[in-house]
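Q: What follows is coords26.cif; its format and atoms are mmCIF, C-alpha atoms.
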```
data_entry
#
loop_
_atom_site.label_atom_id
_atom_site.label_comp_id
_atom_site.auth_asym_id
_atom_site.auth_seq_id
_atom_site.Cartn_x
_atom_site.Cartn_y
_atom_site.Cartn_z
CA MET B 130 0.00 0.00 0.00
CA MET B 131 1.35 3.40 -0.99
CA GLU B 132 2.18 5.77 1.86
CA LEU B 133 1.48 9.48 1.57
CA TYR B 134 4.99 10.52 2.56
CA LEU B 135 6.22 8.96 -0.68
CA LEU B 136 3.98 11.30 -2.66
CA GLU B 137 5.24 14.26 -0.65
CA GLN B 138 8.78 13.31 -1.59
CA LEU B 139 7.80 12.86 -5.25
CA LEU B 140 6.31 16.36 -5.27
CA ALA B 141 9.48 17.76 -3.75
CA PHE B 142 11.46 16.17 -6.59
CA SER B 143 8.96 17.58 -9.11
CA ARG B 144 9.46 21.08 -7.68
CA GLN B 145 13.24 20.91 -7.40
CA GLY B 146 14.08 18.83 -10.47
CA THR B 147 17.01 17.06 -8.80
CA LEU B 148 17.46 14.50 -6.05
CA SER B 149 19.92 16.75 -4.24
CA GLY B 150 17.55 19.73 -4.28
CA ALA B 151 14.59 17.63 -3.14
CA ALA B 152 16.64 15.97 -0.38
CA GLU B 153 17.72 19.39 0.87
CA GLU B 154 14.11 20.63 0.88
CA LEU B 155 12.96 17.53 2.77
CA HIS B 156 15.93 17.50 5.16
CA ILE B 157 16.78 13.89 4.36
CA SER B 158 19.78 12.24 2.71
CA GLN B 159 19.92 11.80 -1.05
CA PRO B 160 20.32 7.99 -0.80
CA ALA B 161 17.24 7.81 1.44
CA LEU B 162 15.22 9.81 -1.08
CA SER B 163 16.44 7.60 -3.92
CA GLN B 164 15.25 4.52 -2.04
CA SER B 165 11.89 6.14 -1.40
CA MET B 166 11.40 6.84 -5.11
CA LYS B 167 12.20 3.20 -5.94
CA LYS B 168 9.71 2.10 -3.28
CA LEU B 169 7.04 4.37 -4.80
CA GLU B 170 7.64 2.83 -8.23
CA GLU B 171 7.24 -0.64 -6.72
CA CYS B 172 3.99 0.35 -5.00
CA LEU B 173 2.53 1.80 -8.18
CA GLY B 174 3.93 -0.88 -10.48
CA VAL B 175 5.20 1.58 -13.06
CA SER B 176 8.43 3.43 -13.79
CA LEU B 177 8.34 7.12 -12.85
CA PHE B 178 11.81 8.25 -13.88
CA GLU B 179 14.16 8.36 -16.81
CA ARG B 180 17.51 7.40 -15.35
CA SER B 181 20.92 7.95 -16.89
CA LYS B 182 24.41 7.80 -15.46
CA ASN B 183 24.46 11.39 -14.22
CA LYS B 184 20.82 12.45 -14.36
CA ILE B 185 17.35 11.44 -13.21
CA ALA B 186 14.14 13.06 -14.44
CA LEU B 187 10.44 12.38 -14.32
CA ASN B 188 9.03 10.48 -17.29
CA GLU B 189 5.43 10.91 -18.47
CA ASN B 190 4.23 8.49 -15.78
CA GLY B 191 6.09 10.49 -13.17
CA ILE B 192 4.66 13.81 -14.34
CA LEU B 193 1.12 12.42 -14.16
CA ALA B 194 1.85 10.80 -10.77
CA ALA B 195 3.01 14.16 -9.41
CA GLN B 196 -0.15 15.90 -10.68
CA LEU B 197 -2.46 13.26 -9.23
CA GLY B 198 -0.40 13.03 -6.05
CA GLU B 199 -0.78 16.76 -5.42
CA LYS B 200 -4.57 16.39 -5.60
CA LEU B 201 -4.50 13.34 -3.35
CA LEU B 202 -2.40 15.09 -0.72
CA GLU B 203 -4.72 18.09 -0.81
CA GLN B 204 -7.70 15.79 -0.27
CA SER B 205 -5.87 14.14 2.60
CA ARG B 206 -5.16 17.50 4.26
CA GLU B 207 -8.78 18.55 3.71
CA MET B 208 -9.99 15.31 5.29
CA GLU B 209 -7.79 15.83 8.34
CA GLU B 210 -8.96 19.43 8.73
CA ARG B 211 -12.64 18.57 8.35
CA LEU B 212 -12.39 15.76 10.87
CA ARG B 213 -10.56 18.01 13.32
CA LEU B 214 -13.16 20.75 12.95
CA PHE B 215 -16.03 18.25 13.25
CA ASP B 216 -14.59 16.82 16.44
CA GLN B 217 -14.04 20.32 17.80
CA SER B 218 -17.62 21.31 16.93
CA ARG B 219 -18.93 18.52 19.17
CA ARG B 220 -17.29 20.20 22.16
CA THR B 221 -16.96 23.85 21.12
CA ILE B 222 -19.24 26.46 19.59
CA SER B 223 -17.13 28.88 17.57
CA LEU B 224 -18.72 32.27 16.98
CA GLY B 225 -17.39 34.70 14.41
CA VAL B 226 -18.64 38.31 14.45
CA CYS B 227 -18.19 41.39 12.30
CA ALA B 228 -18.28 43.92 15.18
CA PRO B 229 -18.02 44.06 18.99
CA VAL B 230 -21.68 44.74 19.85
CA PRO B 231 -23.03 41.33 18.71
CA LEU B 232 -20.65 39.69 21.19
CA TRP B 233 -22.53 41.41 24.03
CA ASP B 234 -25.74 39.78 22.84
CA LEU B 235 -24.59 36.32 21.83
CA SER B 236 -21.84 35.33 24.25
CA PRO B 237 -24.15 35.26 27.32
CA LEU B 238 -26.88 33.46 25.35
CA LEU B 239 -24.52 30.75 24.14
CA SER B 240 -23.24 30.17 27.67
CA GLN B 241 -26.82 30.07 28.97
CA PHE B 242 -28.25 27.62 26.43
CA TYR B 243 -25.16 25.46 25.89
CA PRO B 244 -23.45 25.31 29.31
CA GLN B 245 -21.71 22.04 28.47
CA MET B 246 -19.95 23.58 25.46
CA THR B 247 -16.82 25.69 25.31
CA ILE B 248 -17.57 29.03 23.61
CA SER B 249 -14.88 30.60 21.45
CA THR B 250 -15.24 33.96 19.68
CA GLU B 251 -13.38 35.77 16.94
CA MET B 252 -13.92 39.09 15.20
CA LYS B 253 -13.26 39.67 11.50
CA ASN B 254 -13.37 42.84 9.44
CA SER B 255 -15.49 41.45 6.60
CA ASP B 256 -18.57 39.30 6.10
CA GLU B 257 -16.71 37.42 3.37
CA GLU B 258 -14.17 36.06 5.85
CA LEU B 259 -16.92 35.00 8.22
CA LEU B 260 -18.94 33.27 5.50
CA ALA B 261 -15.86 31.41 4.31
CA GLY B 262 -15.18 30.29 7.88
CA LEU B 263 -18.77 29.09 8.29
CA SER B 264 -18.54 27.14 5.03
CA LYS B 265 -15.32 25.44 6.14
CA GLY B 266 -16.66 24.60 9.61
CA ILE B 267 -14.33 27.01 11.41
CA TYR B 268 -17.42 28.71 12.87
CA GLN B 269 -20.78 27.23 13.82
CA LEU B 270 -22.44 30.66 14.12
CA ILE B 271 -21.51 34.00 12.62
CA VAL B 272 -22.86 37.54 12.80
CA THR B 273 -22.78 39.53 9.56
CA HIS B 274 -24.04 42.97 8.61
CA SER B 275 -25.53 41.70 5.34
CA SER B 276 -28.34 39.22 4.72
CA PRO B 277 -27.24 35.57 4.42
CA ASP B 278 -26.61 33.65 1.22
CA ILE B 279 -28.70 30.79 -0.15
CA GLY B 280 -28.12 27.61 1.85
CA LEU B 281 -27.76 29.54 5.10
CA TYR B 282 -30.26 30.53 7.75
CA GLY B 283 -30.07 34.04 9.16
CA GLN B 284 -32.11 36.22 11.43
CA PRO B 285 -31.78 39.99 11.91
CA PHE B 286 -31.68 40.94 15.57
CA ARG B 287 -30.44 44.49 16.10
CA THR B 288 -29.28 47.64 14.37
CA GLU B 289 -26.38 49.89 15.29
CA ARG B 290 -25.99 53.50 14.24
CA LEU B 291 -22.79 55.53 14.15
CA PHE B 292 -22.34 58.98 15.75
CA LEU B 293 -19.44 61.33 16.29
CA SER B 294 -18.63 62.44 19.83
CA VAL B 295 -16.89 65.82 19.89
CA PRO B 296 -15.68 68.14 22.68
CA LEU B 297 -17.90 71.13 23.43
CA ALA B 298 -15.34 73.57 22.03
CA HIS B 299 -14.69 71.63 18.82
CA PRO B 300 -15.47 73.43 15.49
CA LEU B 301 -17.98 70.70 14.61
CA ALA B 302 -19.85 70.93 17.92
CA ASN B 303 -22.57 73.20 16.54
CA ARG B 304 -23.53 70.80 13.74
CA LYS B 305 -26.83 68.91 13.88
CA GLU B 306 -25.60 66.15 11.59
CA LEU B 307 -22.44 65.22 9.72
CA THR B 308 -21.51 63.44 6.51
CA PRO B 309 -18.26 61.51 6.05
CA ALA B 310 -17.03 64.41 3.89
CA ASP B 311 -17.42 66.72 6.91
CA ILE B 312 -15.22 64.43 9.00
CA ASN B 313 -12.63 63.52 6.38
CA GLY B 314 -9.32 65.24 7.22
CA GLN B 315 -10.07 65.50 10.97
CA ASN B 316 -7.87 64.15 13.75
CA LEU B 317 -9.87 61.29 15.28
CA LEU B 318 -9.45 58.92 18.21
CA LEU B 319 -10.17 55.33 17.12
CA TYR B 320 -10.40 52.04 18.99
CA THR B 321 -8.64 49.23 17.14
CA ASP B 322 -11.02 46.28 17.59
CA ILE B 323 -14.15 47.49 15.80
CA GLY B 324 -14.51 44.89 13.06
CA PHE B 325 -16.12 46.01 9.81
CA TRP B 326 -16.36 49.62 11.03
CA HIS B 327 -12.67 49.83 10.12
CA ASN B 328 -13.71 49.47 6.48
CA PHE B 329 -16.06 52.42 6.89
CA CYS B 330 -13.20 54.53 8.25
CA ARG B 331 -10.78 53.45 5.54
CA GLU B 332 -13.18 53.90 2.62
CA LYS B 333 -15.12 56.97 3.73
CA LEU B 334 -12.35 58.88 5.53
CA PRO B 335 -9.15 58.34 3.53
CA ASN B 336 -7.67 61.67 4.62
CA ALA B 337 -8.53 61.48 8.32
CA HIS B 338 -5.72 61.13 10.86
CA PHE B 339 -6.39 58.38 13.39
CA LEU B 340 -4.93 58.03 16.86
CA MET B 341 -5.32 54.30 17.45
CA MET B 342 -5.90 52.82 20.91
CA SER B 343 -6.11 49.11 21.74
CA GLU B 344 -7.10 49.23 25.43
CA TRP B 345 -10.86 49.69 25.83
CA ASP B 346 -10.78 51.22 29.32
CA ALA B 347 -8.10 53.68 28.31
CA PHE B 348 -9.97 54.52 25.12
CA GLY B 349 -13.15 55.18 27.09
CA GLU B 350 -11.34 57.54 29.45
CA VAL B 351 -9.52 59.46 26.71
CA SER B 352 -12.53 59.66 24.38
CA GLY B 353 -14.67 61.05 27.20
CA THR B 354 -12.26 63.77 28.30
CA GLY B 355 -9.81 64.33 25.44
CA ALA B 356 -9.67 66.98 22.73
CA PHE B 357 -10.12 64.59 19.80
CA PRO B 358 -13.47 63.56 18.31
CA SER B 359 -14.25 59.86 18.43
CA PHE B 360 -16.91 57.53 17.12
CA ILE B 361 -19.67 56.19 19.31
CA THR B 362 -22.81 54.19 18.54
CA ASP B 363 -26.32 54.11 19.91
CA ALA B 364 -25.64 50.59 21.24
CA HIS B 365 -22.68 51.83 23.28
CA MET B 366 -24.68 54.75 24.64
CA GLU B 367 -27.53 52.41 25.55
CA ARG B 368 -25.15 50.26 27.55
CA ASP B 369 -22.73 52.83 28.99
CA GLY B 370 -24.73 56.04 28.93
CA VAL B 371 -24.27 59.27 26.95
CA PRO B 372 -20.81 60.82 27.51
CA GLN B 373 -20.80 63.99 29.60
CA ASN B 374 -19.39 67.27 28.28
CA ARG B 375 -19.52 66.01 24.69
CA VAL B 376 -21.76 66.73 21.74
CA ILE B 377 -23.13 63.60 20.04
CA ILE B 378 -23.79 64.18 16.33
CA PRO B 379 -25.40 61.62 13.97
CA ILE B 380 -23.46 60.65 10.86
CA ILE B 381 -25.60 60.68 7.73
CA ASP B 382 -24.55 57.89 5.40
CA GLU B 383 -26.18 54.60 4.39
CA GLN B 384 -23.12 52.71 5.68
CA ALA B 385 -23.28 54.47 9.06
CA GLU B 386 -26.12 52.18 10.14
CA ALA B 387 -25.81 48.41 10.26
CA THR B 388 -28.32 45.61 10.71
CA TYR B 389 -26.84 42.48 12.26
CA TYR B 390 -27.79 38.96 11.20
CA CYS B 391 -27.11 35.83 13.23
CA VAL B 392 -26.31 33.14 10.66
CA CYS B 393 -25.77 29.39 10.65
CA ARG B 394 -25.80 26.64 8.06
CA ALA B 395 -29.40 25.78 7.15
CA GLU B 396 -29.07 22.21 8.41
CA ASN B 397 -28.06 23.50 11.87
CA LYS B 398 -31.05 25.82 12.34
CA ASP B 399 -32.84 23.52 14.79
CA ARG B 400 -29.72 23.11 16.91
CA TYR B 401 -29.46 26.87 17.45
CA GLN B 402 -33.19 27.65 17.54
CA PRO B 403 -33.01 28.66 21.25
CA ILE B 404 -30.52 31.37 20.27
CA PHE B 405 -32.68 32.63 17.43
CA ASN B 406 -35.74 32.71 19.68
CA ALA B 407 -33.86 34.74 22.31
CA LEU B 408 -32.53 37.17 19.71
CA LYS B 409 -36.07 38.05 18.66
CA LYS B 410 -36.42 39.89 21.98
CA ILE B 411 -33.47 42.20 21.26
CA LYS B 412 -34.40 45.55 19.74
#
```
What is this file in structure tokens?

A:
Amino acid sequence: MMELYLLEQLLAFSRQGTLSGAAEELHISQPALSQSMKKLEECLGVSLFERSKNKIALNENGILAAQLGEKLLEQSREMEERLRLFDQSRRTISLGVCAPVPLWDLSPLLSQFYPQMTISTEMKNSDEELLAGLSKGIYQLIVTHSSPDIGLYGQPFRTERLFLSVPLAHPLANRKELTPADINGQNLLLYTDIGFWHNFCREKLPNAHFLMMSEWDAFGEVSGTGAFPSFITDAHMERDGVPQNRVIIPIIDEQAEATYYCVCRAENKDRYQPIFNALKKIK
């Protein structure tokens, strides 16, 4: 029976073109590699190489074997990964989200309804990354800010709207509303872990100057008392209250308001129905 390591060595030879180069890549001796190639030929029952006194090269059989072997090894790696993720999913619920606020809603619910499971969370900056992770089994649940694709089940459960918080003496403080063009070019305080909202900042405010902060408590203190404007959302104000001595101005743009969808694979809808039922109560 052919062993997969022999195919890995054949592919190394195919890439390098010489036994010495392949042996160096594989960190094995050249004689050991030569023996492996002979063993592979015996397993397959065909010759894979054209051999001369000073040269060895793949023949047509060998070229085809390398092409098929690459596919077989990829299938083997995919099998291992899928089995690992399946086993992990029996003990762990992995949640991927596009922004921080959905974590406030879902993390407690998952712990409440699935106390026997380990809950892991991860934030990504795009729905595309989350959907790819759901498809591959990396996540069992995701939260996107766009409606789910065919073959998935999704439920909207809350909206979040973006505002700008500015000091009382700031030139923008007398404005009733702002567009991204009004903010572009400003010096702004920005928290790093905000998921897809980073894309809003990058695309809508290419000329803004951001002071990045990664510690949430420190960001909250500086944004509440500092001289720089900062972003805040209605969800944050609902949880933490409206900042004192600041003017809160709505940002007028279709991308400044997001609707969140909790999404799973369609075949897993029943498993997570308690979560979907609980999310219906969130405004």

Q: Mind telling me what the PyMOL selection byres ((chain B and resi 349-352) around 10) catches here, as a list of chain:residue names?

A: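 Selected by the PyMOL selection byres ((chain B and resi 349-352) around 10) in this file: B:Ser294, B:Val295, B:Pro296, B:Leu317, B:Leu318, B:Leu319, B:Tyr320, B:Met342, B:Glu344, B:Trp345, B:Asp346, B:Ala347, B:Phe348, B:Gly353, B:Thr354, B:Gly355, B:Ala356, B:Phe357, B:Pro358, B:Ser359, B:Phe360, B:Ile361, B:Pro372, B:Arg375.
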
Q: Taking (11.7, 8.8, -11.2) in the file's own coordinates, collect the residues within 7 Å, counting all atoms listed in the file, and hand them back as an MDAnalysis selection string.

A: chainID B and resid 166 176:179 185:188 191

Q: Can you measure CA of Lys409 (chain B) to CA of Glu383 (chain B) for me? One decimal in Å is fine.

A: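 Taking CA of Lys409 (chain B) and CA of Glu383 (chain B), their separation equals 24.0 Å.
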
Q: Can you pull out the residues contacting Thr250 (chain B)? Cut-off 10 Å, using all atoms listed in the file, and skip same-chain residues under 3 positions away; I want them as a list of chain:residue names.

A: B:Ile222, B:Ser223, B:Leu224, B:Gly225, B:Val226, B:Leu232, B:Leu235, B:Ser236, B:Tyr268, B:Leu270, B:Ile271

Q: Need the shell around Glu386 (chain B): protein/DNA/RNA residues with any atom at most 12 Å away, counting all atoms listed in the file. Skip same-chain ones fewer than 4 positions apart. Format as a PyMOL selection string?

A: chain B and resi 274-275+287-292+325-326+329+361-364+379-382

Q: I need the output of the PyMOL selection byres ((chain B and resi 377) around 6) for this file as a list in words; which residues are they?

A: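 Here the PyMOL selection byres ((chain B and resi 377) around 6) matches Leu293, Ser294, Val376 and Ile378 of chain B.
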
Q: If the PyMOL selection byres ((chain B and resi 146-155) around 12) were run on this exact file, what residues would it hold? Put them as number ranges by chain.

A: B: 134-135, 137-145, 156-166, 178, 180, 183-188, 191-192

Q: Rounded to one decimal place, report the CA of Pro285 (chain B)-CA of Tyr389 (chain B) distance in Å.

A: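 CA of Tyr389 (chain B) lies at a distance of 5.5 Å from CA of Pro285 (chain B).
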
Q: Could the residues of region 166-284 of chain B that have an atom at most 9 Å from region 395-399 of chain B be listed as a Markdown table, each with its closest atom pair and the distance in Å to one decimal, counting all atoms listed in the file and ordered by chain and ascending residue number?

A:
```
| residue | atom | partner | partner_atom | distance |
| --- | --- | --- | --- | --- |
| B:Gln269 | CA | B:Asn397 | CA | 8.4 |
| B:Ile279 | CA | B:Ala395 | CA | 8.9 |
| B:Gly280 | CA | B:Ala395 | CA | 5.8 |
| B:Leu281 | CA | B:Ala395 | CA | 4.6 |
| B:Tyr282 | CA | B:Ala395 | CA | 4.9 |
| B:Gly283 | CA | B:Ala395 | CA | 8.5 |
```
